[in-house]
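Here's target.cif, which has mmCIF, N, CA and C atoms:
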```cif
data_protein
#
loop_
_atom_site.group_PDB
_atom_site.id
_atom_site.type_symbol
_atom_site.label_atom_id
_atom_site.label_comp_id
_atom_site.auth_asym_id
_atom_site.auth_seq_id
_atom_site.Cartn_x
_atom_site.Cartn_y
_atom_site.Cartn_z
ATOM 1 N N MET A 1 36.117 14.055 31.991
ATOM 2 C CA MET A 1 34.872 14.450 32.608
ATOM 3 C C MET A 1 34.467 15.803 32.032
ATOM 4 N N THR A 2 33.244 15.918 31.546
ATOM 5 C CA THR A 2 32.783 17.176 30.961
ATOM 6 C C THR A 2 32.197 18.081 32.034
ATOM 7 N N GLY A 3 31.949 19.324 31.647
ATOM 8 C CA GLY A 3 31.380 20.282 32.592
ATOM 9 C C GLY A 3 29.970 19.920 33.021
ATOM 10 N N THR A 4 29.190 19.310 32.115
ATOM 11 C CA THR A 4 27.825 18.942 32.466
ATOM 12 C C THR A 4 27.786 17.770 33.430
ATOM 13 N N THR A 5 28.737 16.852 33.325
ATOM 14 C CA THR A 5 28.779 15.721 34.238
ATOM 15 C C THR A 5 29.085 16.182 35.649
ATOM 16 N N SER A 6 30.049 17.077 35.795
ATOM 17 C CA SER A 6 30.375 17.570 37.132
ATOM 18 C C SER A 6 29.263 18.460 37.661
ATOM 19 N N ASP A 7 28.524 19.179 36.780
ATOM 20 C CA ASP A 7 27.403 19.997 37.208
ATOM 21 C C ASP A 7 26.284 19.137 37.781
ATOM 22 N N SER A 8 26.045 17.961 37.194
ATOM 23 C CA SER A 8 24.944 17.113 37.648
ATOM 24 C C SER A 8 25.232 16.477 39.008
ATOM 25 N N ARG A 9 26.475 16.388 39.390
ATOM 26 C CA ARG A 9 26.824 15.788 40.685
ATOM 27 C C ARG A 9 26.683 16.770 41.841
ATOM 28 N N ARG A 10 26.743 18.061 41.548
ATOM 29 C CA ARG A 10 26.640 19.052 42.615
ATOM 30 C C ARG A 10 25.185 19.254 43.018
ATOM 31 N N SER A 11 24.991 19.708 44.252
ATOM 32 C CA SER A 11 23.637 19.931 44.738
ATOM 33 C C SER A 11 23.022 21.157 44.058
ATOM 34 N N VAL A 12 21.713 21.236 44.113
ATOM 35 C CA VAL A 12 20.991 22.348 43.492
ATOM 36 C C VAL A 12 21.397 23.689 44.110
ATOM 37 N N PRO A 13 21.471 23.810 45.449
ATOM 38 C CA PRO A 13 21.908 25.101 46.005
ATOM 39 C C PRO A 13 23.321 25.497 45.558
ATOM 40 N N ARG A 14 24.199 24.528 45.435
ATOM 41 C CA ARG A 14 25.570 24.816 44.989
ATOM 42 C C ARG A 14 25.576 25.313 43.538
ATOM 43 N N ARG A 15 24.816 24.642 42.672
ATOM 44 C CA ARG A 15 24.742 25.078 41.273
ATOM 45 C C ARG A 15 24.100 26.452 41.168
ATOM 46 N N LEU A 16 23.068 26.701 41.972
ATOM 47 C CA LEU A 16 22.413 28.006 41.957
ATOM 48 C C LEU A 16 23.381 29.092 42.405
ATOM 49 N N ARG A 17 24.150 28.816 43.470
ATOM 50 C CA ARG A 17 25.123 29.801 43.945
ATOM 51 C C ARG A 17 26.210 30.047 42.909
ATOM 52 N N ASP A 18 26.603 29.007 42.188
ATOM 53 C CA ASP A 18 27.608 29.181 41.135
ATOM 54 C C ASP A 18 27.098 30.048 39.997
ATOM 55 N N HIS A 19 25.812 29.952 39.699
ATOM 56 C CA HIS A 19 25.255 30.704 38.579
ATOM 57 C C HIS A 19 24.870 32.133 38.939
ATOM 58 N N VAL A 20 24.329 32.353 40.124
ATOM 59 C CA VAL A 20 23.870 33.701 40.477
ATOM 60 C C VAL A 20 24.748 34.379 41.510
ATOM 61 N N GLY A 21 25.595 33.651 42.176
ATOM 62 C CA GLY A 21 26.493 34.229 43.160
ATOM 63 C C GLY A 21 25.812 34.437 44.503
ATOM 64 N N ALA A 22 26.619 34.796 45.475
ATOM 65 C CA ALA A 22 26.109 35.008 46.830
ATOM 66 C C ALA A 22 25.192 36.226 46.888
ATOM 67 N N VAL A 23 25.506 37.251 46.117
ATOM 68 C CA VAL A 23 24.684 38.460 46.113
ATOM 69 C C VAL A 23 23.303 38.141 45.536
ATOM 70 N N GLY A 24 23.252 37.358 44.483
ATOM 71 C CA GLY A 24 21.978 36.963 43.896
ATOM 72 C C GLY A 24 21.133 36.138 44.847
ATOM 73 N N LEU A 25 21.775 35.221 45.565
ATOM 74 C CA LEU A 25 21.046 34.422 46.545
ATOM 75 C C LEU A 25 20.530 35.280 47.691
ATOM 76 N N ALA A 26 21.323 36.249 48.125
ATOM 77 C CA ALA A 26 20.876 37.164 49.178
ATOM 78 C C ALA A 26 19.671 37.977 48.701
ATOM 79 N N TYR A 27 19.724 38.430 47.454
ATOM 80 C CA TYR A 27 18.601 39.173 46.881
ATOM 81 C C TYR A 27 17.343 38.309 46.835
ATOM 82 N N LEU A 28 17.483 37.051 46.411
ATOM 83 C CA LEU A 28 16.332 36.146 46.390
ATOM 84 C C LEU A 28 15.755 35.943 47.790
ATOM 85 N N GLY A 29 16.632 35.834 48.783
ATOM 86 C CA GLY A 29 16.183 35.682 50.165
ATOM 87 C C GLY A 29 15.408 36.898 50.653
ATOM 88 N N VAL A 30 15.912 38.081 50.335
ATOM 89 C CA VAL A 30 15.225 39.316 50.726
ATOM 90 C C VAL A 30 13.860 39.395 50.057
ATOM 91 N N CYS A 31 13.793 39.049 48.780
ATOM 92 C CA CYS A 31 12.514 39.079 48.060
ATOM 93 C C CYS A 31 11.522 38.084 48.659
ATOM 94 N N ALA A 32 11.995 36.913 49.031
ATOM 95 C CA ALA A 32 11.122 35.907 49.641
ATOM 96 C C ALA A 32 10.579 36.392 50.984
ATOM 97 N N VAL A 33 11.450 36.989 51.789
ATOM 98 C CA VAL A 33 11.022 37.510 53.091
ATOM 99 C C VAL A 33 10.003 38.631 52.912
ATOM 100 N N LEU A 34 10.250 39.524 51.960
ATOM 101 C CA LEU A 34 9.308 40.618 51.716
ATOM 102 C C LEU A 34 7.954 40.098 51.233
ATOM 103 N N LEU A 35 7.963 39.082 50.379
ATOM 104 C CA LEU A 35 6.708 38.511 49.896
ATOM 105 C C LEU A 35 5.928 37.853 51.031
ATOM 106 N N ILE A 36 6.617 37.079 51.854
ATOM 107 C CA ILE A 36 5.956 36.426 52.995
ATOM 108 C C ILE A 36 5.401 37.466 53.953
ATOM 109 N N TRP A 37 6.164 38.511 54.216
ATOM 110 C CA TRP A 37 5.708 39.583 55.097
ATOM 111 C C TRP A 37 4.456 40.252 54.529
ATOM 112 N N ALA A 38 4.473 40.573 53.241
ATOM 113 C CA ALA A 38 3.329 41.245 52.620
ATOM 114 C C ALA A 38 2.088 40.355 52.656
ATOM 115 N N LEU A 39 2.265 39.069 52.394
ATOM 116 C CA LEU A 39 1.116 38.159 52.443
ATOM 117 C C LEU A 39 0.574 38.026 53.859
ATOM 118 N N ALA A 40 1.455 37.985 54.855
ATOM 119 C CA ALA A 40 1.014 37.880 56.245
ATOM 120 C C ALA A 40 0.281 39.135 56.689
ATOM 121 N N VAL A 41 0.774 40.284 56.286
ATOM 122 C CA VAL A 41 0.143 41.540 56.686
ATOM 123 C C VAL A 41 -1.223 41.690 56.029
ATOM 124 N N THR A 42 -1.308 41.364 54.749
ATOM 125 C CA THR A 42 -2.594 41.515 54.066
ATOM 126 C C THR A 42 -3.601 40.449 54.490
ATOM 127 N N ALA A 43 -3.147 39.269 54.908
ATOM 128 C CA ALA A 43 -4.070 38.226 55.369
ATOM 129 C C ALA A 43 -4.681 38.610 56.714
ATOM 130 N N GLY A 44 -3.917 39.250 57.566
ATOM 131 C CA GLY A 44 -4.400 39.639 58.876
ATOM 132 C C GLY A 44 -5.125 40.968 58.880
ATOM 133 N N GLU A 45 -5.132 41.656 57.787
ATOM 134 C CA GLU A 45 -5.753 42.971 57.674
ATOM 135 C C GLU A 45 -7.269 42.824 57.614
ATOM 136 N N SER A 46 -7.973 43.539 58.486
ATOM 137 C CA SER A 46 -9.429 43.439 58.476
ATOM 138 C C SER A 46 -10.073 44.650 57.805
ATOM 139 N N THR A 47 -9.304 45.716 57.605
ATOM 140 C CA THR A 47 -9.851 46.904 56.952
ATOM 141 C C THR A 47 -9.570 46.845 55.466
ATOM 142 N N ASP A 48 -9.571 47.977 54.809
ATOM 143 C CA ASP A 48 -9.323 48.020 53.372
ATOM 144 C C ASP A 48 -7.972 47.408 53.037
ATOM 145 N N ALA A 49 -7.757 47.205 51.750
ATOM 146 C CA ALA A 49 -6.535 46.543 51.272
ATOM 147 C C ALA A 49 -5.290 47.264 51.782
ATOM 148 N N SER A 50 -4.331 46.470 52.195
ATOM 149 C CA SER A 50 -3.085 47.001 52.722
ATOM 150 C C SER A 50 -2.152 47.399 51.590
ATOM 151 N N MET A 51 -1.287 48.361 51.861
ATOM 152 C CA MET A 51 -0.295 48.789 50.874
ATOM 153 C C MET A 51 1.003 47.995 51.021
ATOM 154 N N ALA A 52 0.991 46.951 51.837
ATOM 155 C CA ALA A 52 2.201 46.160 52.047
ATOM 156 C C ALA A 52 2.662 45.467 50.774
ATOM 157 N N GLY A 53 1.778 45.189 49.857
ATOM 158 C CA GLY A 53 2.134 44.527 48.610
ATOM 159 C C GLY A 53 3.001 45.372 47.699
ATOM 160 N N VAL A 54 3.031 46.674 47.945
ATOM 161 C CA VAL A 54 3.830 47.571 47.118
ATOM 162 C C VAL A 54 5.329 47.339 47.353
ATOM 163 N N ILE A 55 5.710 47.023 48.558
ATOM 164 C CA ILE A 55 7.128 46.856 48.904
ATOM 165 C C ILE A 55 7.785 45.733 48.093
ATOM 166 N N PRO A 56 7.231 44.509 48.068
ATOM 167 C CA PRO A 56 7.877 43.482 47.238
ATOM 168 C C PRO A 56 7.818 43.801 45.749
ATOM 169 N N LEU A 57 6.783 44.494 45.315
ATOM 170 C CA LEU A 57 6.720 44.883 43.903
ATOM 171 C C LEU A 57 7.855 45.830 43.548
ATOM 172 N N LEU A 58 8.110 46.789 44.416
ATOM 173 C CA LEU A 58 9.202 47.729 44.157
ATOM 174 C C LEU A 58 10.565 47.042 44.260
ATOM 175 N N ALA A 59 10.681 46.061 45.137
ATOM 176 C CA ALA A 59 11.953 45.347 45.293
ATOM 177 C C ALA A 59 12.270 44.495 44.075
ATOM 178 N N THR A 60 11.248 44.081 43.335
ATOM 179 C CA THR A 60 11.464 43.231 42.169
ATOM 180 C C THR A 60 11.204 43.956 40.851
ATOM 181 N N ALA A 61 11.071 45.272 40.921
ATOM 182 C CA ALA A 61 10.850 46.075 39.704
ATOM 183 C C ALA A 61 12.104 46.031 38.845
ATOM 184 N N PRO A 62 12.045 46.206 37.590
ATOM 185 C CA PRO A 62 10.915 46.561 36.733
ATOM 186 C C PRO A 62 10.139 45.365 36.194
ATOM 187 N N ALA A 63 10.681 44.168 36.281
ATOM 188 C CA ALA A 63 10.007 43.010 35.676
ATOM 189 C C ALA A 63 8.659 42.740 36.332
ATOM 190 N N SER A 64 8.560 42.887 37.642
ATOM 191 C CA SER A 64 7.292 42.618 38.314
ATOM 192 C C SER A 64 6.233 43.642 37.928
ATOM 193 N N LEU A 65 6.641 44.861 37.636
ATOM 194 C CA LEU A 65 5.676 45.884 37.239
ATOM 195 C C LEU A 65 5.100 45.585 35.866
ATOM 196 N N VAL A 66 5.893 45.009 34.989
ATOM 197 C CA VAL A 66 5.406 44.614 33.665
ATOM 198 C C VAL A 66 4.373 43.512 33.805
ATOM 199 N N LEU A 67 4.597 42.607 34.742
ATOM 200 C CA LEU A 67 3.693 41.479 34.927
ATOM 201 C C LEU A 67 2.428 41.841 35.686
ATOM 202 N N LEU A 68 2.334 43.052 36.173
ATOM 203 C CA LEU A 68 1.137 43.461 36.902
ATOM 204 C C LEU A 68 -0.085 43.575 35.997
ATOM 205 N N VAL A 69 0.110 43.521 34.697
ATOM 206 C CA VAL A 69 -1.029 43.571 33.783
ATOM 207 C C VAL A 69 -1.782 42.244 33.764
ATOM 208 N N LEU A 70 -1.292 41.255 34.486
ATOM 209 C CA LEU A 70 -1.990 39.980 34.603
ATOM 210 C C LEU A 70 -3.308 40.193 35.346
ATOM 211 N N PRO A 71 -4.253 39.271 35.244
ATOM 212 C CA PRO A 71 -5.532 39.435 35.947
ATOM 213 C C PRO A 71 -5.337 39.640 37.450
ATOM 214 N N ASP A 72 -6.239 40.379 38.045
ATOM 215 C CA ASP A 72 -6.136 40.723 39.466
ATOM 216 C C ASP A 72 -6.516 39.521 40.333
ATOM 217 N N HIS A 73 -5.502 38.861 40.845
ATOM 218 C CA HIS A 73 -5.688 37.690 41.701
ATOM 219 C C HIS A 73 -4.423 37.549 42.534
ATOM 220 N N SER A 74 -4.534 36.997 43.728
ATOM 221 C CA SER A 74 -3.350 36.878 44.590
ATOM 222 C C SER A 74 -2.293 35.963 43.972
ATOM 223 N N ALA A 75 -2.712 34.956 43.221
ATOM 224 C CA ALA A 75 -1.742 34.083 42.560
ATOM 225 C C ALA A 75 -0.950 34.846 41.502
ATOM 226 N N MET A 76 -1.564 35.776 40.825
ATOM 227 C CA MET A 76 -0.872 36.588 39.822
ATOM 228 C C MET A 76 0.093 37.559 40.493
ATOM 229 N N PHE A 77 -0.271 38.044 41.669
ATOM 230 C CA PHE A 77 0.626 38.900 42.446
ATOM 231 C C PHE A 77 1.889 38.133 42.814
ATOM 232 N N ILE A 78 1.716 36.910 43.294
ATOM 233 C CA ILE A 78 2.858 36.072 43.673
ATOM 234 C C ILE A 78 3.690 35.726 42.438
ATOM 235 N N THR A 79 3.031 35.455 41.319
ATOM 236 C CA THR A 79 3.734 35.158 40.071
ATOM 237 C C THR A 79 4.568 36.352 39.617
ATOM 238 N N ALA A 80 3.987 37.538 39.694
ATOM 239 C CA ALA A 80 4.716 38.746 39.291
ATOM 240 C C ALA A 80 5.948 38.954 40.159
ATOM 241 N N ILE A 81 5.824 38.758 41.458
ATOM 242 C CA ILE A 81 6.957 38.912 42.377
ATOM 243 C C ILE A 81 8.017 37.851 42.092
ATOM 244 N N ALA A 82 7.601 36.597 41.941
ATOM 245 C CA ALA A 82 8.552 35.502 41.720
ATOM 246 C C ALA A 82 9.306 35.674 40.403
ATOM 247 N N LEU A 83 8.601 35.983 39.340
ATOM 248 C CA LEU A 83 9.273 36.151 38.058
ATOM 249 C C LEU A 83 10.148 37.407 38.037
ATOM 250 N N GLY A 84 9.679 38.467 38.677
ATOM 251 C CA GLY A 84 10.501 39.679 38.779
ATOM 252 C C GLY A 84 11.788 39.415 39.541
ATOM 253 N N ALA A 85 11.681 38.667 40.644
ATOM 254 C CA ALA A 85 12.872 38.327 41.425
ATOM 255 C C ALA A 85 13.803 37.421 40.619
ATOM 256 N N ALA A 86 13.244 36.477 39.862
ATOM 257 C CA ALA A 86 14.074 35.575 39.062
ATOM 258 C C ALA A 86 14.821 36.334 37.962
ATOM 259 N N VAL A 87 14.146 37.245 37.294
ATOM 260 C CA VAL A 87 14.797 38.039 36.239
ATOM 261 C C VAL A 87 15.898 38.903 36.832
ATOM 262 N N ASN A 88 15.595 39.576 37.932
ATOM 263 C CA ASN A 88 16.605 40.438 38.553
ATOM 264 C C ASN A 88 17.782 39.627 39.089
ATOM 265 N N THR A 89 17.514 38.441 39.613
ATOM 266 C CA THR A 89 18.593 37.584 40.105
ATOM 267 C C THR A 89 19.489 37.132 38.956
ATOM 268 N N ALA A 90 18.889 36.811 37.818
ATOM 269 C CA ALA A 90 19.690 36.434 36.651
ATOM 270 C C ALA A 90 20.584 37.590 36.209
ATOM 271 N N ILE A 91 20.058 38.796 36.247
ATOM 272 C CA ILE A 91 20.857 39.976 35.885
ATOM 273 C C ILE A 91 21.963 40.206 36.901
ATOM 274 N N ILE A 92 21.653 40.039 38.179
ATOM 275 C CA ILE A 92 22.676 40.189 39.221
ATOM 276 C C ILE A 92 23.775 39.148 39.026
ATOM 277 N N GLY A 93 23.394 37.907 38.726
ATOM 278 C CA GLY A 93 24.378 36.852 38.492
ATOM 279 C C GLY A 93 25.255 37.154 37.291
ATOM 280 N N TRP A 94 24.646 37.631 36.212
ATOM 281 C CA TRP A 94 25.411 37.993 35.018
ATOM 282 C C TRP A 94 26.407 39.116 35.336
ATOM 283 N N CYS A 95 25.959 40.127 36.063
ATOM 284 C CA CYS A 95 26.854 41.240 36.437
ATOM 285 C C CYS A 95 27.972 40.760 37.357
ATOM 286 N N THR A 96 27.647 39.871 38.291
ATOM 287 C CA THR A 96 28.660 39.341 39.208
ATOM 288 C C THR A 96 29.734 38.576 38.450
ATOM 289 N N ARG A 97 29.309 37.726 37.496
ATOM 290 C CA ARG A 97 30.288 36.978 36.701
ATOM 291 C C ARG A 97 31.124 37.913 35.838
ATOM 292 N N ALA A 98 30.507 38.943 35.280
ATOM 293 C CA ALA A 98 31.249 39.890 34.442
ATOM 294 C C ALA A 98 32.266 40.666 35.271
ATOM 295 N N LEU A 99 31.905 41.030 36.484
ATOM 296 C CA LEU A 99 32.844 41.759 37.337
ATOM 297 C C LEU A 99 33.992 40.863 37.801
ATOM 298 N N ARG A 100 33.692 39.597 38.096
ATOM 299 C CA ARG A 100 34.741 38.655 38.490
ATOM 300 C C ARG A 100 35.718 38.407 37.338
ATOM 301 N N ARG A 101 35.170 38.318 36.150
ATOM 302 C CA ARG A 101 35.970 38.038 34.973
ATOM 303 C C ARG A 101 36.877 39.221 34.622
ATOM 304 N N GLY A 102 36.437 40.428 34.938
ATOM 305 C CA GLY A 102 37.208 41.619 34.610
ATOM 306 C C GLY A 102 37.167 41.857 33.123
ATOM 307 N N GLY A 103 38.311 42.171 32.512
ATOM 308 C CA GLY A 103 38.366 42.423 31.095
ATOM 309 C C GLY A 103 38.628 41.185 30.267
ATOM 310 N N ARG A 104 38.748 40.020 30.921
ATOM 311 C CA ARG A 104 39.046 38.788 30.197
ATOM 312 C C ARG A 104 37.801 38.234 29.534
ATOM 313 N N PRO A 105 37.937 37.693 28.341
ATOM 314 C CA PRO A 105 36.779 37.065 27.689
ATOM 315 C C PRO A 105 36.424 35.759 28.395
ATOM 316 N N ASP A 106 35.166 35.415 28.379
ATOM 317 C CA ASP A 106 34.679 34.187 29.013
ATOM 318 C C ASP A 106 34.898 33.003 28.077
ATOM 319 N N HIS A 107 35.582 31.953 28.551
ATOM 320 C CA HIS A 107 35.848 30.766 27.719
ATOM 321 C C HIS A 107 35.120 29.588 28.266
#
```
Turn this file's structure into structure tokens for me.
Amino acid sequence: MTGTTSDSRRSVPRRLRDHVGAVGLAYLGVCAVLLIWALAVTAGESTDASMAGVIPLLATAPASLVLLVLPDHSAMFITAIALGAAVNTAIIGWCTRALRRGGRPDH
């Protein structure tokens, strides 16, 4: 049985946890909650634009800040947050695997 065959039998959340670790999944959860909170606050806001959108941007920086050059639209804001969180989660997963591995080379 190869590694890809056993990977295809596991559920998506299990494979995601194996690749990014528990810390990465927790980070993704926090980013999702912050994004939902910011969208809820700005949707209910009747005065000028709310600064709530800054919080998820800072939580997913620096990748989300690079993507802010996209056209000004709420979908682009969500895209910047999602891609920033995905990049940071991949980095967290890589660091988690490197720390677990210690000084041993990955085989």
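When atom C of Cys31 (chain A) is paired with atom N of Gly53 (chain A), their separation reads 12.1 Å.
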Have a look at A:Val87, A:Ala52, A:Val33, A:Leu25 and name the one nearest to Leu67 (chain A); count only C-alpha atoms. A:Val87
Going by DSSP on the backbone, which bits of region 5-97 of chain A are helix (DSSP H, G or I)? Write them as a VMD selection string, please. chain A and resid 5 to 9 12 to 44 51 to 59 63 to 69 74 to 97
Going by the chain IDs and residue numbers used in this file, which residues fall under the PyMOL selection byres ((chain A and resi 59) around 8)? Write them as a PyMOL selection string. chain A and resi 30-31+54-58+60-64+81+84-85
Enter the distance from atom C of Ile36 (chain A) to atom C of Arg15 (chain A), in Å, rounded to one decimal. 25.2 Å
Measuring between all atoms listed in the file, which one of A:Arg10, A:Leu70, A:Gly93, A:Gly102 shows the shortest distance to Ala22 (chain A)? A:Gly93
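The space between CA of Asp72 (chain A) and CA of Gly44 (chain A) spans 19.5 Å.
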